[in-house]
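To keep things clear, I will list the structure first and then write my remarks on it.
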Amino acid sequence: MKIALACDHGGLNLKNAVKDYLEKHGYEYVDFGTDTTDSCDYPDYALPAAEAVANGECDKGILICSTGIGVSIVANKVPGVRCAHCHDVYCATFTRLHNNANVLAMGEKVVGVGYALQIAEAFLTTEFEGGRHSRRVDKISAIEKKYGK
C-alpha cells in the first residue's frame, strides 16, 4: 500500500513520526512536503497529496497541520477524496468501516505522537465494511458529481 503524506509547518514533527512508522511497518509512501518549520500554506502540500489519492498514484493519504482542519478542507475539495478529520482511534476505525475514507487528517497540536500513530494504524489497517455503507458512499459520490466537485 502506498500512502500520500503531507503537512504544513505546523505538522512537520508529527509527519516525521508518521514517516518513521510507515517505514517501520513496510508501507511505501510519497512525501509531498513540507520539510521545514518555515511558515507555509497548507493547500500547497495537501492538494497534491489528495490528488495523488484521487488519481490512484497512492492508495490512501495522511495529512497533518496544526489542527487537521485546514488540510481536511483542502482534501475534500478533490473529487474522489473522502478525507476524515480524526483525533481518536474509534473515529479512524469507523470512517474506514462505514465511510470508506481514503485520506486521514490529524492535528499535531491536538493529538500526541503516540496516540496519532495508533490513529494512523487504525486508519491504515481497517477495511471498508461495504454492504449498506456502500449505498451511502455511492450517494456521496453522486453529490460530488451533481456539484461538479
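Chain labels follow the order of the C-alpha cells: the first chain is A, the next B, and so on; residue numbering restarts at 1 in every chain, and ligands are counted from 1 in their shown order.
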
All residues 9 Å or closer to range 107-111 of chain A, only C-alpha atoms, same chain fewer than 6 positions away omitted, as a short mmCIF file (atom, residue, chain, number, x, y, z; two decimals) with all heavy atoms, in the first residue's frame:
data_model
loop_
_atom_site.label_atom_id
_atom_site.label_comp_id
_atom_site.auth_asym_id
_atom_site.auth_seq_id
_atom_site.Cartn_x
_atom_site.Cartn_y
_atom_site.Cartn_z
N GLY A 10 3.12 23.49 10.70
CA GLY A 10 2.55 23.14 11.99
C GLY A 10 2.40 21.65 12.23
O GLY A 10 2.07 21.22 13.33
N GLY A 11 2.65 20.85 11.20
CA GLY A 11 2.50 19.41 11.32
C GLY A 11 3.76 18.62 11.04
O GLY A 11 3.73 17.39 10.96
N LEU A 12 4.89 19.31 10.90
CA LEU A 12 6.13 18.65 10.48
C LEU A 12 6.60 17.58 11.46
O LEU A 12 6.98 16.48 11.03
CB LEU A 12 7.24 19.68 10.26
CG LEU A 12 8.58 19.10 9.77
CD1 LEU A 12 8.42 18.42 8.42
CD2 LEU A 12 9.63 20.20 9.70
N ASN A 13 6.58 17.86 12.73
CA ASN A 13 7.08 16.87 13.69
C ASN A 13 6.23 15.60 13.67
O ASN A 13 6.77 14.49 13.67
CB ASN A 13 7.11 17.45 15.11
CG ASN A 13 8.13 18.56 15.22
OD1 ASN A 13 9.19 18.54 14.61
ND2 ASN A 13 7.80 19.58 16.01
N LEU A 14 4.93 15.75 13.61
CA LEU A 14 4.06 14.58 13.55
C LEU A 14 4.21 13.86 12.22
O LEU A 14 4.22 12.63 12.18
CB LEU A 14 2.60 14.98 13.80
CG LEU A 14 1.59 13.83 13.83
CD1 LEU A 14 2.01 12.73 14.81
CD2 LEU A 14 0.21 14.37 14.17
N LYS A 15 4.34 14.59 11.13
CA LYS A 15 4.54 13.94 9.83
C LYS A 15 5.80 13.09 9.87
O LYS A 15 5.81 11.95 9.39
CB LYS A 15 4.64 14.95 8.69
CG LYS A 15 4.77 14.25 7.31
CD LYS A 15 5.11 15.18 6.19
CE LYS A 15 6.58 15.49 6.25
NZ LYS A 15 7.08 16.17 5.05
N LEU A 63 -2.70 13.51 6.08
CA LEU A 63 -2.40 14.93 6.02
C LEU A 63 -2.37 15.51 7.43
O LEU A 63 -3.23 15.17 8.24
CB LEU A 63 -3.45 15.66 5.19
CG LEU A 63 -3.74 15.10 3.80
CD1 LEU A 63 -4.85 15.89 3.14
CD2 LEU A 63 -2.48 15.09 2.95
N ILE A 64 -1.42 16.40 7.67
CA ILE A 64 -1.25 16.94 9.02
C ILE A 64 -0.98 18.43 8.96
O ILE A 64 -0.17 18.90 8.16
CB ILE A 64 -0.08 16.23 9.73
CG1 ILE A 64 -0.30 14.71 9.75
CG2 ILE A 64 0.10 16.77 11.16
CD1 ILE A 64 0.94 13.90 10.06
N CYS A 65 -1.69 19.16 9.83
CA CYS A 65 -1.39 20.56 10.08
C CYS A 65 -1.54 20.77 11.59
O CYS A 65 -1.59 19.79 12.33
CB CYS A 65 -2.27 21.51 9.25
SG CYS A 65 -4.04 21.46 9.58
N SER A 66 -1.60 21.98 12.05
CA SER A 66 -1.71 22.20 13.49
C SER A 66 -2.98 21.58 14.07
O SER A 66 -2.95 20.99 15.14
CB SER A 66 -1.69 23.70 13.81
OG SER A 66 -0.43 24.24 13.49
N THR A 67 -4.11 21.75 13.37
CA THR A 67 -5.38 21.23 13.87
C THR A 67 -5.93 20.06 13.05
O THR A 67 -6.78 19.33 13.52
CB THR A 67 -6.47 22.33 13.85
OG1 THR A 67 -6.69 22.71 12.48
CG2 THR A 67 -6.07 23.52 14.70
N GLY A 68 -5.50 19.92 11.81
CA GLY A 68 -6.06 18.94 10.89
C GLY A 68 -7.24 19.49 10.10
O GLY A 68 -7.66 18.89 9.11
N ILE A 69 -7.75 20.63 10.51
CA ILE A 69 -8.94 21.19 9.86
C ILE A 69 -8.63 21.70 8.46
O ILE A 69 -9.32 21.35 7.49
CB ILE A 69 -9.56 22.30 10.72
CG1 ILE A 69 -10.03 21.74 12.07
CG2 ILE A 69 -10.71 22.98 9.99
CD1 ILE A 69 -10.38 22.80 13.10
N HIS A 85 -11.30 13.89 9.30
CA HIS A 85 -10.53 14.60 10.31
C HIS A 85 -10.73 13.85 11.62
O HIS A 85 -11.80 13.90 12.21
CB HIS A 85 -11.06 16.04 10.37
CG HIS A 85 -10.40 16.90 11.37
ND1 HIS A 85 -11.09 17.87 12.05
CD2 HIS A 85 -9.13 16.97 11.81
CE1 HIS A 85 -10.27 18.50 12.86
NE2 HIS A 85 -9.08 17.96 12.73
N CYS A 86 -9.72 13.10 12.06
CA CYS A 86 -9.87 12.20 13.21
C CYS A 86 -8.81 12.48 14.26
O CYS A 86 -7.63 12.64 13.94
CB CYS A 86 -9.73 10.75 12.78
SG CYS A 86 -10.96 10.17 11.61
N HIS A 87 -9.26 12.46 15.51
CA HIS A 87 -8.32 12.58 16.62
C HIS A 87 -8.54 11.50 17.66
O HIS A 87 -8.16 11.65 18.82
CB HIS A 87 -8.42 13.98 17.24
CG HIS A 87 -7.85 15.01 16.34
ND1 HIS A 87 -8.56 16.11 15.94
CD2 HIS A 87 -6.66 15.07 15.71
CE1 HIS A 87 -7.81 16.82 15.11
NE2 HIS A 87 -6.66 16.20 14.96
N ASP A 88 -9.15 10.40 17.24
CA ASP A 88 -9.24 9.23 18.10
C ASP A 88 -9.34 7.97 17.24
O ASP A 88 -9.68 8.03 16.06
CB ASP A 88 -10.40 9.34 19.10
CG ASP A 88 -11.76 9.44 18.43
OD1 ASP A 88 -12.17 8.47 17.75
OD2 ASP A 88 -12.41 10.49 18.58
#

Near range 20-40 of chain A, 12 Å: range 47-119 of chain A residue rows, closest pairs, only C-alpha atoms, as a Markdown table:
| residue | atom | partner | partner_atom | distance |
| --- | --- | --- | --- | --- |
| A:Leu47 | CA | A:Phe32 | CA | 9.3 |
| A:Pro48 | CA | A:Phe32 | CA | 7.0 |
| A:Ala49 | CA | A:Phe32 | CA | 6.1 |
| A:Ala50 | CA | A:Phe32 | CA | 9.9 |
| A:Glu51 | CA | A:Phe32 | CA | 10.9 |
| A:Ala52 | CA | A:Val30 | CA | 9.1 |
| A:Val53 | CA | A:Val30 | CA | 10.6 |
| A:Glu57 | CA | A:Val30 | CA | 9.3 |
| A:Cys58 | CA | A:Tyr29 | CA | 7.9 |
| A:Asp59 | CA | A:Tyr29 | CA | 9.5 |
| A:Lys60 | CA | A:Tyr29 | CA | 9.4 |
| A:Gly61 | CA | A:Tyr29 | CA | 8.9 |
| A:Ile62 | CA | A:Tyr29 | CA | 9.9 |
| A:Leu63 | CA | A:Phe32 | CA | 9.7 |
| A:Ile64 | CA | A:Thr34 | CA | 10.3 |
| A:Cys65 | CA | A:Thr34 | CA | 10.4 |
| A:Ser66 | CA | A:Thr37 | CA | 11.7 |
| A:Val113 | CA | A:Tyr21 | CA | 10.6 |
| A:Gly114 | CA | A:Tyr21 | CA | 10.4 |
| A:Ala116 | CA | A:Tyr21 | CA | 10.5 |
| A:Leu117 | CA | A:Tyr21 | CA | 7.2 |
| A:Gln118 | CA | A:Tyr21 | CA | 10.0 |
| A:Ile119 | CA | A:Tyr21 | CA | 11.7 |

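Proximity ranking of A:Val137, A:Gly130, A:Asn99, A:Ala6 relative to Ser72 in chain A places A:Ala6 first, based on only C-alpha atoms.
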
key: Residue neighbourhood His133 in chain A, 9 Å, only C-alpha atoms, exclusion window fewer than 5 positions, as a ChimeraX atom specification   = /A:97-100,128,138

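CA of Lys146 in chain A to CA of Leu104 in chain A spans 24.4 Å [interatomic distance, one decimal].
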
ask   = as a ChimeraX atom specification, which residues of chain A does DSSP assign to strand (DSSP E)?
value = /A:2-7,28-31,60-65,83-85,103-107
